[in-house]
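Pasted below: coords-v9.cif, mmCIF, C-alpha atoms.
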```cif
data_query
loop_
_atom_site.label_atom_id
_atom_site.label_comp_id
_atom_site.auth_asym_id
_atom_site.auth_seq_id
_atom_site.Cartn_x
_atom_site.Cartn_y
_atom_site.Cartn_z
CA MET A 1 145.25 42.03 101.75
CA PRO A 2 146.55 44.79 99.45
CA PRO A 3 150.04 44.30 98.01
CA LYS A 4 151.22 47.41 99.81
CA ASN A 5 150.41 45.81 103.14
CA LYS A 6 152.11 42.56 102.12
CA ALA A 7 155.31 44.42 101.35
CA ARG A 8 155.05 46.24 104.63
CA ALA A 9 154.51 42.96 106.51
CA PHE A 10 157.51 41.31 104.81
CA LYS A 11 159.83 44.17 105.79
CA SER A 12 158.65 43.97 109.39
CA SER A 13 159.29 40.21 109.55
CA THR A 14 162.81 40.59 108.11
CA ALA A 15 163.70 43.34 110.52
CA SER A 16 162.61 41.28 113.49
CA LYS A 17 164.99 38.46 112.52
CA THR A 18 168.02 40.74 112.11
CA THR A 19 170.61 40.04 114.83
CA VAL A 20 173.68 41.98 115.85
CA PRO A 21 176.80 39.86 115.32
CA SER A 22 178.32 38.83 118.64
CA THR A 23 181.71 40.23 119.62
CA PRO A 24 184.41 37.53 119.33
CA GLN A 25 185.59 36.30 122.71
CA PRO A 26 189.11 35.14 123.61
CA PRO A 27 189.53 31.46 124.56
CA LYS A 28 189.43 30.43 128.21
CA PRO A 29 190.88 31.27 130.70
CA TYR A 30 191.05 34.76 129.19
CA LEU A 31 188.25 37.29 129.46
CA PRO A 32 187.93 40.73 127.86
CA ALA A 33 189.03 43.40 130.33
CA PRO A 34 185.95 45.16 131.78
CA LYS A 35 185.09 48.43 130.05
CA SER A 36 184.91 50.05 133.46
CA LEU A 37 188.69 49.59 133.80
CA GLU A 38 189.53 51.60 130.67
CA PRO A 39 190.83 54.57 132.72
CA PHE A 40 193.45 52.15 134.03
CA THR A 41 194.09 49.84 131.03
CA SER A 42 194.51 52.83 128.71
CA LYS A 43 197.69 53.66 130.64
CA LEU A 44 199.20 50.17 130.35
CA SER A 45 201.95 49.28 127.87
CA LYS A 46 201.09 46.49 125.43
CA ASN A 47 204.63 45.14 125.83
CA TYR A 48 204.13 43.77 129.34
CA VAL A 49 201.96 41.51 131.45
CA TYR A 50 200.57 43.21 134.55
CA ILE A 51 199.27 41.86 137.85
CA THR A 52 197.21 43.94 140.23
CA HIS A 53 196.23 43.12 143.79
CA VAL A 54 195.33 44.87 147.04
CA ASP A 55 197.93 44.69 149.80
CA THR A 56 196.09 44.47 153.13
CA LYS A 57 199.10 44.19 155.44
CA PRO A 58 198.97 46.65 158.40
CA ALA A 59 200.36 50.14 157.66
CA ASP A 60 202.81 49.93 160.59
CA PHE A 61 204.23 46.70 159.20
CA LYS A 62 204.69 48.34 155.78
CA LYS A 63 206.57 51.23 157.42
CA LYS A 64 209.01 48.83 159.06
CA ILE A 65 209.56 46.95 155.80
CA PHE A 66 210.12 50.17 153.83
CA ALA A 67 212.54 51.56 156.43
CA VAL A 68 215.09 48.86 155.58
CA PRO A 69 215.73 49.88 151.91
CA VAL A 70 215.55 53.56 152.87
CA LEU A 71 218.34 53.18 155.44
CA MET A 72 220.32 50.89 153.15
CA ASN A 73 220.22 53.36 150.27
CA ILE A 74 221.08 56.30 152.54
CA VAL A 75 224.17 54.39 153.70
CA ILE A 76 225.13 53.65 150.08
CA VAL A 77 224.76 57.33 149.12
CA ALA A 78 226.86 58.37 152.13
CA LEU A 79 229.61 55.93 151.16
CA LEU A 80 229.51 57.13 147.56
CA ILE A 81 229.86 60.76 148.68
CA LEU A 82 232.79 59.78 150.89
CA ARG A 83 234.40 57.97 147.96
CA ILE A 84 233.93 61.02 145.72
CA LYS A 85 235.52 63.33 148.32
CA MET A 86 238.48 60.99 148.61
CA ILE A 87 239.05 60.26 144.91
CA PHE A 88 238.07 63.55 143.23
CA PRO A 89 241.39 65.35 143.98
CA TYR A 90 243.25 62.26 142.72
CA TYR A 91 241.53 62.40 139.32
CA MET A 92 241.82 66.18 139.06
CA LYS A 93 245.58 66.02 139.57
CA ILE A 94 245.87 63.43 136.80
CA VAL A 95 243.77 65.66 134.49
CA PHE A 96 245.85 68.76 135.25
CA SER A 97 249.06 66.81 134.68
CA VAL A 98 248.00 65.16 131.41
CA MET A 99 245.82 67.88 129.87
CA TRP A 100 247.58 71.05 130.97
CA GLY A 101 251.05 69.79 131.75
CA LYS A 102 251.03 71.00 135.36
CA THR A 103 253.53 69.12 137.44
CA ASN A 104 252.20 67.52 140.63
CA GLU A 105 252.61 64.29 142.60
CA MET A 106 250.63 62.41 139.93
CA THR A 107 252.98 63.44 137.10
CA MET A 108 255.03 60.55 135.76
CA ASP A 109 258.44 61.41 134.32
CA THR A 110 258.98 58.15 132.49
CA SER A 111 262.51 59.14 131.41
CA LYS A 112 263.63 58.98 135.02
CA MET A 113 261.53 56.04 136.18
CA PRO A 114 262.54 52.35 135.97
CA THR A 115 260.31 50.11 133.88
CA ASN A 116 259.03 48.12 136.87
CA GLU A 117 257.90 51.30 138.62
CA ILE A 118 256.15 52.54 135.47
CA LEU A 119 254.30 49.25 135.06
CA ARG A 120 253.37 49.19 138.75
CA GLU A 121 251.96 52.72 138.60
CA ILE A 122 250.00 51.97 135.40
CA TRP A 123 248.55 48.87 137.04
CA ARG A 124 247.61 50.80 140.22
CA ARG A 125 245.85 53.54 138.28
CA THR A 126 244.07 51.04 136.03
CA MET A 127 242.73 49.16 139.07
CA THR A 128 241.55 52.45 140.62
CA PHE A 129 239.74 53.41 137.41
CA MET A 130 238.17 49.95 137.14
CA ALA A 131 236.99 49.96 140.76
CA ASP A 132 235.29 53.33 140.35
CA LEU A 133 233.78 52.27 137.02
CA LEU A 134 232.27 49.17 138.68
CA ILE A 135 230.91 51.33 141.52
CA TYR A 136 229.32 53.70 139.00
CA THR A 137 227.93 50.85 136.86
CA PHE A 138 226.61 48.45 139.49
CA ILE A 139 226.17 50.29 142.80
CA TRP A 140 225.19 53.86 141.90
CA PRO A 141 222.05 52.70 139.96
CA TRP A 142 220.49 51.32 143.19
CA PRO A 143 220.09 54.60 145.09
CA LYS A 144 219.52 56.48 141.83
CA ALA A 145 216.52 54.28 140.95
CA PHE A 146 215.28 54.29 144.56
CA PHE A 147 215.32 58.06 145.06
CA ALA A 148 215.16 59.50 141.55
CA GLY A 149 213.93 56.88 139.04
CA ARG A 150 211.91 58.59 136.30
CA LYS A 151 210.86 56.08 133.66
CA ASP A 152 208.63 54.01 135.94
CA GLY A 153 208.68 56.27 138.98
CA ASN A 154 210.43 55.29 142.20
CA PRO A 155 209.60 53.96 145.67
CA VAL A 156 210.29 57.28 147.42
CA GLN A 157 207.94 59.15 145.08
CA TRP A 158 205.30 56.46 145.66
CA ARG A 159 205.51 56.78 149.45
CA LEU A 160 205.70 60.58 149.47
CA LYS A 161 202.57 60.87 147.32
CA LEU A 162 200.49 58.12 148.91
CA GLY A 163 201.93 57.51 152.35
CA PHE A 164 201.25 54.22 154.11
CA ARG A 165 197.72 52.80 153.90
CA GLU A 166 195.92 49.79 155.30
CA LYS A 167 194.82 48.91 151.76
CA GLU A 168 197.31 49.61 148.98
CA ILE A 169 197.04 48.89 145.27
CA VAL A 170 200.06 46.98 143.96
CA VAL A 171 200.85 46.75 140.23
CA ARG A 172 203.50 44.31 139.07
CA ARG A 173 204.95 44.32 135.56
CA SER A 174 206.68 41.45 133.75
CA ARG A 175 210.40 41.58 133.15
CA LYS A 176 212.37 40.32 130.12
CA TRP A 177 210.93 36.78 130.20
CA PHE A 178 207.78 38.03 128.42
CA VAL A 179 208.16 38.85 124.72
CA PRO A 180 205.10 40.55 123.15
CA GLY A 181 203.75 39.25 119.85
CA HIS A 182 203.99 35.53 120.63
CA ASP A 183 200.92 33.29 120.66
CA ILE A 184 199.67 33.09 124.25
CA LEU A 185 196.08 32.13 123.37
CA HIS A 186 196.88 28.52 122.57
CA GLU A 187 199.03 25.77 124.06
CA THR A 188 202.51 27.01 123.18
CA PRO A 189 205.78 27.24 125.14
CA GLU A 190 205.11 30.97 125.53
CA GLN A 191 201.68 30.31 127.06
CA LYS A 192 203.16 27.74 129.43
CA LEU A 193 205.83 30.21 130.56
CA LEU A 194 203.16 32.87 131.08
CA PHE A 195 200.94 30.58 133.15
CA ASP A 196 203.89 29.28 135.18
CA ASN A 197 205.23 32.74 136.07
CA ALA A 198 201.81 34.27 136.62
CA GLY A 199 200.63 31.28 138.65
CA LYS A 200 203.58 31.53 141.02
CA ALA A 201 203.10 35.29 141.30
CA VAL A 202 199.47 35.00 142.45
CA ASP A 203 199.90 31.96 144.69
CA PRO A 204 197.83 32.90 147.78
CA ILE A 205 200.26 31.33 150.25
CA TRP A 206 203.23 33.20 148.77
CA MET A 207 201.26 36.46 148.59
CA SER A 208 199.99 36.15 152.15
CA GLU A 209 203.55 36.29 153.50
CA LYS A 210 204.70 39.42 151.66
CA THR A 211 203.88 43.10 151.36
CA GLY A 212 203.72 44.51 147.86
CA TYR A 213 207.20 46.04 148.14
CA LEU A 214 208.75 42.62 148.76
CA MET A 215 207.29 41.14 145.56
CA LEU A 216 210.13 42.44 143.39
CA ASN A 217 211.96 39.46 141.88
CA LYS A 218 213.59 38.29 138.66
CA GLU A 219 210.21 37.75 136.97
CA TRP A 220 208.27 40.81 138.16
CA ASP A 221 209.02 44.48 138.71
CA LEU A 222 206.82 47.04 140.48
CA ASP A 223 205.42 49.87 138.37
CA TRP A 224 205.48 52.80 140.79
CA LYS A 225 203.81 55.26 138.40
CA LEU A 226 200.89 52.92 137.76
CA MET A 227 200.50 52.28 141.49
CA ILE A 228 200.24 56.02 142.07
CA LEU A 229 197.84 56.40 139.13
CA ALA A 230 195.58 53.54 140.25
CA THR A 231 195.42 54.87 143.81
CA LYS A 232 194.56 58.37 142.57
CA GLN A 233 191.79 56.90 140.41
CA VAL A 234 190.34 55.22 143.50
CA ASP A 235 190.72 58.41 145.57
CA THR A 236 188.83 60.42 142.93
CA LYS A 237 186.10 57.73 142.68
CA ALA A 238 186.90 57.04 139.02
CA LEU A 239 187.41 53.39 140.03
CA LYS A 240 186.83 51.30 143.13
CA ILE A 241 189.56 49.56 145.08
CA GLU A 242 187.72 46.26 144.42
CA ASP A 243 188.52 46.78 140.71
CA PHE A 244 192.15 46.01 141.52
CA LYS A 245 191.60 42.59 143.07
CA THR A 246 194.19 40.00 142.07
CA THR A 247 193.97 40.08 138.28
CA ILE A 248 196.38 39.38 135.44
CA PHE A 249 196.28 41.78 132.48
CA ILE A 250 197.68 40.89 129.07
CA HIS A 251 197.21 42.43 125.61
CA ASP A 252 196.38 40.65 122.37
CA LYS A 253 196.23 42.24 118.91
CA GLU A 254 192.84 40.68 118.15
CA PHE A 255 191.06 40.94 121.50
CA GLY A 256 192.77 43.94 123.07
CA TRP A 257 193.27 43.93 126.82
CA MET A 258 192.32 40.64 128.45
CA VAL A 259 192.27 39.54 132.06
CA ILE A 260 192.78 36.32 133.93
CA GLU A 261 191.02 36.55 137.25
CA THR A 262 192.58 34.09 139.69
CA ALA A 263 190.41 31.61 141.52
CA ALA A 264 191.33 33.33 144.76
CA ALA A 265 191.08 36.88 143.52
CA GLY A 266 192.46 39.53 145.83
CA GLY A 267 189.79 41.62 147.42
CA SER A 268 187.22 38.83 147.04
CA LEU A 269 185.72 37.02 150.00
CA ALA A 270 187.49 33.82 148.93
CA GLU A 271 190.91 35.42 149.07
CA GLU A 272 190.28 37.25 152.32
CA GLU A 273 189.14 34.01 153.93
CA GLY A 274 192.09 32.09 152.46
CA ARG A 275 194.64 34.61 153.67
CA ARG A 276 193.04 34.79 157.11
CA LYS A 277 193.16 31.01 157.40
CA ILE A 278 196.81 30.80 156.34
CA VAL A 279 197.87 33.52 158.79
CA ALA A 280 195.84 31.97 161.64
CA PHE A 281 197.23 28.53 160.75
CA LYS A 282 200.85 29.70 160.82
CA ASP A 283 200.44 31.91 163.93
CA GLU A 284 198.84 29.11 165.93
CA LEU A 285 201.60 26.63 165.05
CA THR A 286 204.27 29.26 165.82
CA ALA A 287 202.72 29.90 169.24
CA MET A 288 202.88 26.16 169.88
CA GLY A 289 206.54 26.04 168.88
CA LYS A 290 205.64 23.89 165.85
CA GLU A 291 206.27 26.31 162.98
CA ASN A 292 208.07 23.56 161.08
CA LEU A 293 204.69 21.83 160.71
CA PHE A 294 203.40 24.80 158.71
CA PHE A 295 206.13 24.39 156.10
CA ARG A 296 205.76 20.61 156.02
CA TRP A 297 202.00 21.08 155.44
CA ILE A 298 202.72 23.48 152.55
CA GLU A 299 205.20 21.04 151.01
CA LEU A 300 202.74 18.17 151.36
CA VAL A 301 199.83 20.04 149.75
CA GLN A 302 201.99 21.40 146.92
CA TYR A 303 203.41 17.93 146.21
CA GLU A 304 200.04 16.16 146.25
CA SER A 305 198.31 18.85 144.18
CA SER A 306 200.98 18.57 141.48
CA GLN A 307 200.46 14.83 140.95
CA PRO A 308 198.72 13.47 137.81
CA GLY A 309 194.94 13.18 138.08
CA GLY A 310 194.33 16.53 139.73
CA PHE A 311 193.63 17.43 143.33
CA GLY A 312 190.03 16.35 143.68
CA PRO A 313 188.11 15.35 146.82
CA ASP A 314 189.65 11.86 147.03
CA ARG A 315 193.22 13.14 146.74
CA GLN A 316 192.44 15.89 149.25
CA ARG A 317 191.14 13.34 151.76
CA GLU A 318 194.31 11.26 151.31
CA THR A 319 196.40 14.39 151.86
CA MET A 320 194.48 15.19 155.05
CA ALA A 321 195.17 11.67 156.36
CA LYS A 322 198.90 12.13 155.73
CA ALA A 323 198.81 15.57 157.35
CA LYS A 324 197.07 14.13 160.40
CA GLU A 325 199.93 11.65 160.80
CA LEU A 326 202.45 14.50 160.55
CA PHE A 327 200.68 16.55 163.22
CA GLU A 328 200.07 13.73 165.64
CA ALA A 329 203.68 12.52 165.31
CA GLN A 330 204.63 15.84 166.89
CA GLY A 331 202.00 15.68 169.60
CA VAL A 332 199.43 18.00 167.99
CA ASP A 333 195.78 16.91 168.08
CA PHE A 334 194.86 17.41 164.43
CA ASP A 335 191.08 17.70 164.82
CA LYS A 336 191.24 20.07 167.81
CA PHE A 337 193.84 22.22 166.05
CA TRP A 338 191.68 22.75 162.96
CA ALA A 339 188.62 23.40 165.10
CA LYS A 340 190.59 26.13 166.89
CA VAL A 341 191.56 27.94 163.68
CA GLY A 342 188.06 27.70 162.20
CA GLY A 343 188.21 24.52 160.13
CA LEU A 344 189.46 23.85 156.62
CA ARG A 345 186.76 25.75 154.74
CA GLY A 346 188.37 28.55 152.76
CA MET A 347 191.90 27.16 153.05
CA PRO A 348 193.65 27.49 149.63
CA GLY A 349 194.14 24.06 148.04
CA MET A 350 191.34 22.48 150.05
CA ASP A 351 188.33 23.88 148.20
CA GLU A 352 186.48 20.57 147.85
CA MET A 353 186.88 19.19 151.36
#
```

Please, can you express the file's structure as structure tokens?
Amino acid sequence: MPPKNKARAFKSSTASKTTVPSTPQPPKPYLPAPKSLEPFTSKLSKNYVYITHVDTKPADFKKKIFAVPVLMNIVIVALLILRIKMIFPYYMKIVFSVMWGKTNEMTMDTSKMPTNEILREIWRRTMTFMADLLIYTFIWPWPKAFFAGRKDGNPVQWRLKLGFREKEIVVRRSRKWFVPGHDILHETPEQKLLFDNAGKAVDPIWMSEKTGYLMLNKEWDLDWKLMILATKQVDTKALKIEDFKTTIFIHDKEFGWMVIETAAAGGSLAEEEGRRKIVAFKDELTAMGKENLFFRWIELVQYESSQPGGFGPDRQRETMAKAKELFEAQGVDFDKFWAKVGGLRGMPGMDEM
């Protein structure tokens, strides 16, 4: 074969063996955030952990829940206005007396007043100032954030723009417990704290009992602007509502946005079945006047699942035997009860039964 052909054959062989280097992957349980979610992840701050899920509580129920803080904040605003109407003339008289020397009932002529009366008046005015300062510092921020919060939006803006829907996208954001820049990819105290707080936040039993609005707590805040943005992206078909199933988002300098999809991811068949089972389980026991059994069941499963050795099939069978004793001690036929609510399949914590 001519040398020219040999050279050509060698080049062809080399080219065929060339491989594109694989993109580095984060360690488990992290996964790179799907590219399809870039319209959403591009709006996230790298300084927080985020959790998304789809709230499927009935719209009427959400209206009733939301009415409570609305009425509460209206009452607070009304009381603040009343306080301002009562105290404003008091402060203005002090200002006119001190700044412009106009004599009024708030003017203190210390040359004609006994020391005890002067001290008493100073104390009274100081307490009035302090009370109003505390009201301004600790009470006024509640209705201000509720009706007019700007940095992260506010609940009123969220409801006015989106209304009440059967399926609502909820976006939670970590509070001060999360400090960006720490190593969360390996077994560190920071990773443990992340997994503990995130694990509690996506617990299917806890989530099944609350609407998105009630998930505000000391670990997690609601990001109203992102909730509006995500819903608009679904409305305009840029994303699908299934994209916001229960997922934890966290940023890393090396891998960018990563996700931790929970085992019972919101919007998935597993979660829907799990939530349905929990609700049916609780409702049936409540109708029987045995709601206390629901909470004792939860305590039992949580205790057994936290024991060393994991919560495998053997431990689950032992737990079921203990639960059966609990039920039958209160006159509930355990087997007939579970048959009535559709069996254990799909019940969170009993995946291997």

Requested in this report: Name every residue that the PyMOL selection byres ((chain A and resi 161-172) around 9) selects in this structure, writing the answer as a ChimeraX atom specification with chains first and numbers rising.
Outcome: /A:49-60,62-63,156-160,173-174,212-213,215-216,220-224,226-228,230-232,241,244-245

Requested in this report: Determine the nearest neighbour of Lys46 of chain A from the options A:His251, A:Arg175, A:Lys225, A:Lys277, counting all atoms listed in the file.
Outcome: A:His251

Query raised in the report: Restricting the calculation to only C-alpha atoms, which member of A:Phe337, A:Trp177, A:Phe255, A:Phe327 is positioned closest to Asn292 of chain A?
Result: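 Among the listed residues, A:Phe327 lies closest to Asn292 of chain A.
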
Query - Selected residue, from A:Lys210, A:Lys240, A:Lys64, A:Lys151, that lies nearest to Val279 of chain A when counting all atoms listed in the file - result: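 Of A:Lys210, A:Lys240, A:Lys64, A:Lys151, the one nearest Val279 of chain A is A:Lys210, counting all atoms listed in the file.
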
Query raised in the report: If you measure from atom CA of Glu328 of chain A to atom CA of Asp314 of chain A, what distance in Å do you get, rounded to one decimal?
Result: 21.4 Å

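Picture a line from atom CA of Asp335 of chain A to atom CA of Glu304 of chain A; it runs 20.7 Å.
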
Query raised in the report: Any chance you could work out the residue set of the PyMOL selection byres ((chain A and resi 105-119) around 12) here, as number ranges by chain?
Result: A: 89-104, 120-126

Requested in this report: Could you tell me how far atom CA of Val301 of chain A lies from atom CA of Lys322 of chain A, in Å and to one decimal?
Outcome: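 Taking atom CA of Val301 of chain A and atom CA of Lys322 of chain A, their separation equals 10.0 Å.
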
To verify the selection step, state as a compact mmCIF listing (two decimals) with C-alpha atoms, in the frame of the given file which residues the PyMOL selection byres ((chain A and resi 334) around 12) yields on this input.
```
# COMPACT_ATOMS: atom_id res chain seq x y z
CA PHE A 281 197.23 28.53 160.75
CA LEU A 285 201.60 26.63 165.05
CA LEU A 293 204.69 21.83 160.71
CA MET A 320 194.48 15.19 155.05
CA ALA A 321 195.17 11.67 156.36
CA LYS A 322 198.90 12.13 155.73
CA ALA A 323 198.81 15.57 157.35
CA LYS A 324 197.07 14.13 160.40
CA GLU A 325 199.93 11.65 160.80
CA LEU A 326 202.45 14.50 160.55
CA PHE A 327 200.68 16.55 163.22
CA GLU A 328 200.07 13.73 165.64
CA ALA A 329 203.68 12.52 165.31
CA GLN A 330 204.63 15.84 166.89
CA GLY A 331 202.00 15.68 169.60
CA VAL A 332 199.43 18.00 167.99
CA ASP A 333 195.78 16.91 168.08
CA ASP A 335 191.08 17.70 164.82
CA LYS A 336 191.24 20.07 167.81
CA PHE A 337 193.84 22.22 166.05
CA TRP A 338 191.68 22.75 162.96
CA ALA A 339 188.62 23.40 165.10
CA LYS A 340 190.59 26.13 166.89
CA VAL A 341 191.56 27.94 163.68
CA GLY A 343 188.21 24.52 160.13
CA LEU A 344 189.46 23.85 156.62
```

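Omitting segment 146-148 of chain A and its sequence neighbours fewer than 5 positions away, and counting all atoms listed in the file, the residues within 10 Å are Pro69, Val70, Asn73, Ile74, Pro141, Gly153, Asn154, Pro155, Val156 and Gln157 of chain A.
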